[in-house]
Amino acid sequence: MAIQILCATFFGVEGVIVNVEIDISYGLPTFNIVGLGDVAVKESKERVRAAIINSGFEFPVGRITINLAPAALKKEGSHFDLPIAIGLLVATDQISVESMEGYLFMGELSLNGHLKRIKGALPIIIEGVKHGIHKYIIPEENIEECSIVKNAEVYPLETLTQVVNYLKYKDMMPHKVNKEFKSIVNELDFSEVIGQEATKRALEVAAAGNHNILLHGAPGSGKTMLAQRIISILPELTYEESLEVTKIYSVSEGVGKTGLINTRPFRNPHHTITSIALIGGGRNPSPGEVSYAHNGVLFLDEILEFNKTCLQVLRQPLEEKEVKLSRVSGTIKYPANFMLVGALNPCPCGYFGTNVKSCKCSDYEVKKYASRLSGPILDRIDIFSSVNPISYEEINKRAYGESSEDIRFRVNKARKLQRERFKGEGISCNSQMKEKHLREYCQLNDKSNRVLELAFKKFSLSTRAYSRILKVARTIADLNEKAKIDEKDIIEALQYRKFIDESII
Ligand SMILES: [Zn+2]
């Protein structure tokens, strides 16, 4: 009779339960793995054989067939090593069947039997819990990301021998670990930034309504420094959001972060990035920067230097909040709900409209430069803010600004208002409002209506600009805890539509 061991794999960022079936029959010694495994799965044979022998166990002789069910699903990764090894030990009576019932196994084996870190442990456990599986044997190195899943008992172990000993004498190794989730606040703080009150306010509005924002200003004026601190005023990551983010990092390798992510991600890719690295994909599909920025911020510094296709492919995730990659085996989805923060110089020489140096560019050059930022990106920016280098007097005063904690307090209040407003609407913040929401929640009184009308006619605004202004004005009113948008909110929102060349767009 074939032995069945529970394991799982992942597709995109979702786990899929896999049954590892082991059958040993009489015949010439062979060892086959069937069930659409990739190269890493096929090579599992050699690792498992060596690990079993080097751990002092007996490797069975006969026709060994391993089936990974469901067979139609493509499986990748090396985490099937451990369940295969355990299955072989059960099949040869070196472990009893009862001892491993109810456990899900995952882990890569080294040739001497050590358990090594695997990709995708978190989505596997999340999926397993949904299927009523509560006990997990995992490599010690995966413990950080796995220890916060509710209703899961996680047993981190280091070697195959330890796993076997644990299964035999369960009372000897109480390794159950469960941690409380705690969100960590970014260390950078707005109080460290001198001056720049206007931009700080713009960032506060952006954070409060989850609006995409573009900062423009001379080189060295502090655009990057300000952008990096936006994380510190965004609401703290919730448990569910943290799981979503950690899942993405869990299925990828080499992105500089492992373990539990409990702070909002801030991704800052260089402008030489390829569109695949930005969006995700590749032969062995993996998430891109837009997904690593999920529930956080994607900061594109020198945004005009990015490859044109890169900016174009951003359209889909900006609109749909996820990336869809079509593959033969199905469509892979990676979440990509991020706030876009862009930064650029105001003109080719960098000094247009500043008092640091005089700008060497002609009017035509300035207009042409600004117009390069057209299309997909410009259409999705709600707030534009000009960052000016601070004056000597300001530096000399050394007056520190408001702390991020104080700003975040207001942001949180505004977010709470939005959540209550949009309950049951399928959206959670002002930036996501559609036409029908605008009609319902952004009604203007006579005065505010007149101000907007004047601006609309004077600057010949587009309908798109009109709805952006309403959305941002709604956020400003929320920050001021006002039920109705008044003319001051409209005027402030209009300020945030002022583009580099002073036009209102
Ligand atoms: Zn210039």
# chains A, B, ... in the order shown; residues from 1 in each chain; ligands from 1
call {"tool": "residues_around", "arguments": {"residues": "Ile469 in chain A", "least_positions_apart": "2", "cutoff": "12 Å", "atoms": "only C-alpha atoms", "output": "PyMOL selection string"}}
result
chain A and resi 211+381-384+430-431+433+438+442+444+448-449+451-453+455-456+461-467+471-476+485+487+489-498+504-505
call {"tool": "residues_near_ligand", "arguments": {"ligand": "ligand 1", "cutoff": "6 Å", "atoms": "only C-alpha atoms and all ligand atoms", "output": "ChimeraX atom specification"}}
result
/A:347-352,359-361
call {"tool": "residues_around", "arguments": {"residues": "Glu244 in chain A", "least_positions_apart": "6", "cutoff": "9 Å", "atoms": "only C-alpha atoms", "output": "list in words"}}
result
Val13, Pro123, His294, Asn295 and Pro335 of chain A
call {"tool": "write_last_selection", "arguments": {"atoms": "N, CA, C and O atoms", "output": "PDB file, in the first residue's frame"}}
result
ATOM      1  N   VAL A  13       1.351  33.642  -5.053  1.00  0.00           N
ATOM      2  CA  VAL A  13       1.573  33.747  -3.607  1.00  0.00           C
ATOM      3  C   VAL A  13       0.563  32.911  -2.832  1.00  0.00           C
ATOM      4  O   VAL A  13       0.366  33.105  -1.644  1.00  0.00           O
ATOM      5  N   PRO A 123       2.893  31.029   2.674  1.00  0.00           N
ATOM      6  CA  PRO A 123       1.629  30.737   1.977  1.00  0.00           C
ATOM      7  C   PRO A 123       1.181  29.297   2.155  1.00  0.00           C
ATOM      8  O   PRO A 123      -0.015  29.013   2.195  1.00  0.00           O
ATOM      9  N   HIS A 294       4.010  46.163  -2.058  1.00  0.00           N
ATOM     10  CA  HIS A 294       2.603  45.960  -1.678  1.00  0.00           C
ATOM     11  C   HIS A 294       2.352  46.421  -0.234  1.00  0.00           C
ATOM     12  O   HIS A 294       3.143  46.124   0.660  1.00  0.00           O
ATOM     13  N   ASN A 295       1.284  47.145  -0.044  1.00  0.00           N
ATOM     14  CA  ASN A 295       0.933  47.738   1.263  1.00  0.00           C
ATOM     15  C   ASN A 295       1.960  48.748   1.753  1.00  0.00           C
ATOM     16  O   ASN A 295       2.005  49.060   2.944  1.00  0.00           O
ATOM     17  N   PRO A 335      -0.106  40.360  -5.668  1.00  0.00           N
ATOM     18  CA  PRO A 335      -0.702  41.612  -5.216  1.00  0.00           C
ATOM     19  C   PRO A 335       0.265  42.785  -5.419  1.00  0.00           C
ATOM     20  O   PRO A 335       1.479  42.601  -5.332  1.00  0.00           O
TER      21      PRO A 335
END
call {"tool": "residues_around", "arguments": {"residues": "Glu101 in chain A", "least_positions_apart": "3", "cutoff": "10 Å", "atoms": "only C-alpha atoms", "output": "list of chain:residue names"}}
result
A:Gln4, A:Ile5, A:Leu6, A:Ser96, A:Val97, A:Glu98, A:Leu104, A:Lys135, A:Leu167
call {"tool": "select_by_dssp", "arguments": {"residues": "range 340-426 of chain A", "states": "helix (DSSP H, G or I)", "output": "VMD selection string"}}
result
chain A and resid 363 to 371 378 to 380 392 to 397 404 to 421
call {"tool": "write_last_selection", "arguments": {"atoms": "N, CA and C atoms", "output": "short mmCIF file (atom, residue, chain, number, x, y, z; two decimals), in the first residue's frame"}}
result
data_model
loop_
_atom_site.label_atom_id
_atom_site.label_comp_id
_atom_site.auth_asym_id
_atom_site.auth_seq_id
_atom_site.Cartn_x
_atom_site.Cartn_y
_atom_site.Cartn_z
N ASP A 363 12.50 78.20 -22.31
CA ASP A 363 11.10 77.88 -21.99
C ASP A 363 10.66 76.59 -22.68
N TYR A 364 11.10 76.49 -23.94
CA TYR A 364 10.72 75.32 -24.72
C TYR A 364 11.25 74.04 -24.08
N GLU A 365 12.52 74.13 -23.65
CA GLU A 365 13.14 72.93 -23.04
C GLU A 365 12.41 72.53 -21.75
N VAL A 366 12.02 73.53 -20.96
CA VAL A 366 11.31 73.24 -19.71
C VAL A 366 9.98 72.56 -20.02
N LYS A 367 9.25 73.13 -20.99
CA LYS A 367 7.94 72.56 -21.35
C LYS A 367 8.10 71.13 -21.87
N LYS A 368 9.13 70.96 -22.72
CA LYS A 368 9.33 69.66 -23.33
C LYS A 368 9.70 68.62 -22.26
N TYR A 369 10.53 69.05 -21.33
CA TYR A 369 10.97 68.17 -20.24
C TYR A 369 9.77 67.70 -19.43
N ALA A 370 8.93 68.67 -19.04
CA ALA A 370 7.76 68.33 -18.23
C ALA A 370 6.80 67.43 -19.00
N SER A 371 6.73 67.66 -20.31
CA SER A 371 5.75 66.88 -21.08
C SER A 371 6.18 65.43 -21.26
N LEU A 378 1.27 60.25 -15.29
CA LEU A 378 0.69 61.55 -14.97
C LEU A 378 -0.80 61.42 -14.63
N ASP A 379 -1.47 60.53 -15.35
CA ASP A 379 -2.90 60.35 -15.13
C ASP A 379 -3.23 59.79 -13.77
N ARG A 380 -2.25 59.20 -13.12
CA ARG A 380 -2.55 58.55 -11.86
C ARG A 380 -1.92 59.23 -10.65
N TYR A 392 19.40 79.55 4.18
CA TYR A 392 20.39 79.52 5.25
C TYR A 392 19.73 79.82 6.60
N GLU A 393 18.80 80.79 6.58
CA GLU A 393 18.15 81.18 7.84
C GLU A 393 17.44 79.98 8.47
N GLU A 394 16.78 79.22 7.62
CA GLU A 394 16.05 78.06 8.14
C GLU A 394 17.00 77.02 8.74
N ILE A 395 18.10 76.78 8.00
CA ILE A 395 19.08 75.80 8.50
C ILE A 395 19.62 76.28 9.84
N ASN A 396 19.91 77.58 9.89
CA ASN A 396 20.53 78.16 11.06
C ASN A 396 19.61 78.08 12.28
N LYS A 397 18.30 78.20 12.03
CA LYS A 397 17.34 78.16 13.15
C LYS A 397 17.31 76.77 13.78
N SER A 404 6.79 62.38 13.39
CA SER A 404 5.96 61.51 12.54
C SER A 404 4.77 60.96 13.32
N GLU A 405 4.99 60.72 14.61
CA GLU A 405 3.91 60.15 15.42
C GLU A 405 2.70 61.08 15.45
N ASP A 406 2.97 62.39 15.61
CA ASP A 406 1.86 63.35 15.65
C ASP A 406 1.13 63.40 14.32
N ILE A 407 1.92 63.37 13.23
CA ILE A 407 1.29 63.44 11.91
C ILE A 407 0.46 62.17 11.69
N ARG A 408 1.03 61.04 12.08
CA ARG A 408 0.33 59.79 11.85
C ARG A 408 -0.97 59.70 12.63
N PHE A 409 -0.99 60.36 13.77
CA PHE A 409 -2.21 60.39 14.56
C PHE A 409 -3.36 60.99 13.74
N ARG A 410 -3.06 62.08 13.03
CA ARG A 410 -4.10 62.71 12.19
C ARG A 410 -4.44 61.82 10.99
N VAL A 411 -3.40 61.24 10.41
CA VAL A 411 -3.61 60.34 9.25
C VAL A 411 -4.55 59.19 9.64
N ASN A 412 -4.28 58.62 10.81
CA ASN A 412 -5.10 57.50 11.27
C ASN A 412 -6.55 57.90 11.46
N LYS A 413 -6.74 59.10 12.00
CA LYS A 413 -8.11 59.57 12.21
C LYS A 413 -8.85 59.72 10.87
N ALA A 414 -8.12 60.31 9.90
CA ALA A 414 -8.72 60.51 8.57
C ALA A 414 -9.02 59.16 7.91
N ARG A 415 -8.11 58.21 8.08
CA ARG A 415 -8.32 56.88 7.50
C ARG A 415 -9.55 56.21 8.10
N LYS A 416 -9.72 56.42 9.40
CA LYS A 416 -10.86 55.80 10.10
C LYS A 416 -12.17 56.34 9.53
N LEU A 417 -12.21 57.66 9.33
CA LEU A 417 -13.41 58.27 8.74
C LEU A 417 -13.71 57.65 7.39
N GLN A 418 -12.64 57.45 6.59
CA GLN A 418 -12.83 56.88 5.25
C GLN A 418 -13.34 55.45 5.31
N ARG A 419 -12.77 54.69 6.22
CA ARG A 419 -13.21 53.29 6.34
C ARG A 419 -14.69 53.21 6.68
N GLU A 420 -15.11 54.09 7.60
CA GLU A 420 -16.53 54.08 7.98
C GLU A 420 -17.41 54.51 6.81
N ARG A 421 -16.94 55.53 6.09
CA ARG A 421 -17.72 56.05 4.97
C ARG A 421 -17.93 55.00 3.89
#
call {"tool": "residues_around", "arguments": {"residues": "His114 in chain A", "least_positions_apart": "4", "cutoff": "9 Å", "atoms": "only C-alpha atoms", "output": "PyMOL selection string"}}
result
chain A and resi 51+108-110+139+158-161
call {"tool": "write_last_selection", "arguments": {"atoms": "all heavy atoms", "output": "compact mmCIF listing (two decimals), in the first residue's frame"}}
result
# COMPACT_ATOMS: atom_id res chain seq x y z
N ALA A 51 20.88 11.96 2.13
CA ALA A 51 20.51 12.42 3.47
C ALA A 51 20.09 11.25 4.36
O ALA A 51 20.45 11.17 5.52
CB ALA A 51 19.39 13.45 3.38
N GLU A 108 14.08 21.44 2.60
CA GLU A 108 15.09 20.93 1.68
C GLU A 108 16.14 20.21 2.51
O GLU A 108 16.46 20.64 3.61
CB GLU A 108 15.73 22.11 0.92
CG GLU A 108 16.82 21.67 -0.03
CD GLU A 108 17.52 22.84 -0.71
OE1 GLU A 108 16.85 23.84 -1.01
OE2 GLU A 108 18.74 22.75 -0.91
N LEU A 109 16.64 19.10 1.99
CA LEU A 109 17.67 18.36 2.72
C LEU A 109 19.03 18.57 2.09
O LEU A 109 19.17 18.61 0.86
CB LEU A 109 17.34 16.87 2.70
CG LEU A 109 16.21 16.41 3.62
CD1 LEU A 109 15.81 14.98 3.30
CD2 LEU A 109 16.61 16.55 5.08
N SER A 110 20.03 18.73 2.93
CA SER A 110 21.40 18.73 2.40
C SER A 110 21.85 17.28 2.37
O SER A 110 21.19 16.40 2.93
CB SER A 110 22.31 19.56 3.28
OG SER A 110 22.58 18.86 4.45
N PRO A 139 11.89 23.77 8.41
CA PRO A 139 13.29 24.02 8.74
C PRO A 139 13.40 25.17 9.74
O PRO A 139 12.63 26.13 9.67
CB PRO A 139 13.91 24.44 7.40
CG PRO A 139 12.95 23.96 6.36
CD PRO A 139 11.61 23.99 6.99
N GLU A 158 16.18 21.08 12.78
CA GLU A 158 17.41 21.35 12.02
C GLU A 158 17.89 20.22 11.14
O GLU A 158 18.57 20.45 10.15
CB GLU A 158 18.54 21.74 12.99
CG GLU A 158 18.38 23.16 13.50
CD GLU A 158 19.34 23.48 14.60
OE1 GLU A 158 20.41 22.83 14.69
OE2 GLU A 158 19.03 24.39 15.40
N THR A 159 17.59 18.98 11.53
CA THR A 159 18.10 17.86 10.74
C THR A 159 17.03 16.78 10.57
O THR A 159 16.04 16.76 11.31
CB THR A 159 19.31 17.18 11.43
OG1 THR A 159 18.86 16.68 12.69
CG2 THR A 159 20.46 18.12 11.63
N LEU A 160 17.28 15.88 9.64
CA LEU A 160 16.36 14.76 9.42
C LEU A 160 16.29 13.90 10.68
O LEU A 160 15.22 13.45 11.07
CB LEU A 160 16.85 13.94 8.22
CG LEU A 160 16.01 12.71 7.86
CD1 LEU A 160 14.60 13.10 7.47
CD2 LEU A 160 16.66 11.93 6.70
N THR A 161 17.43 13.71 11.33
CA THR A 161 17.46 12.89 12.55
C THR A 161 16.56 13.51 13.62
O THR A 161 15.81 12.80 14.29
CB THR A 161 18.91 12.78 13.09
OG1 THR A 161 19.75 12.55 11.97
CG2 THR A 161 19.05 11.69 14.10
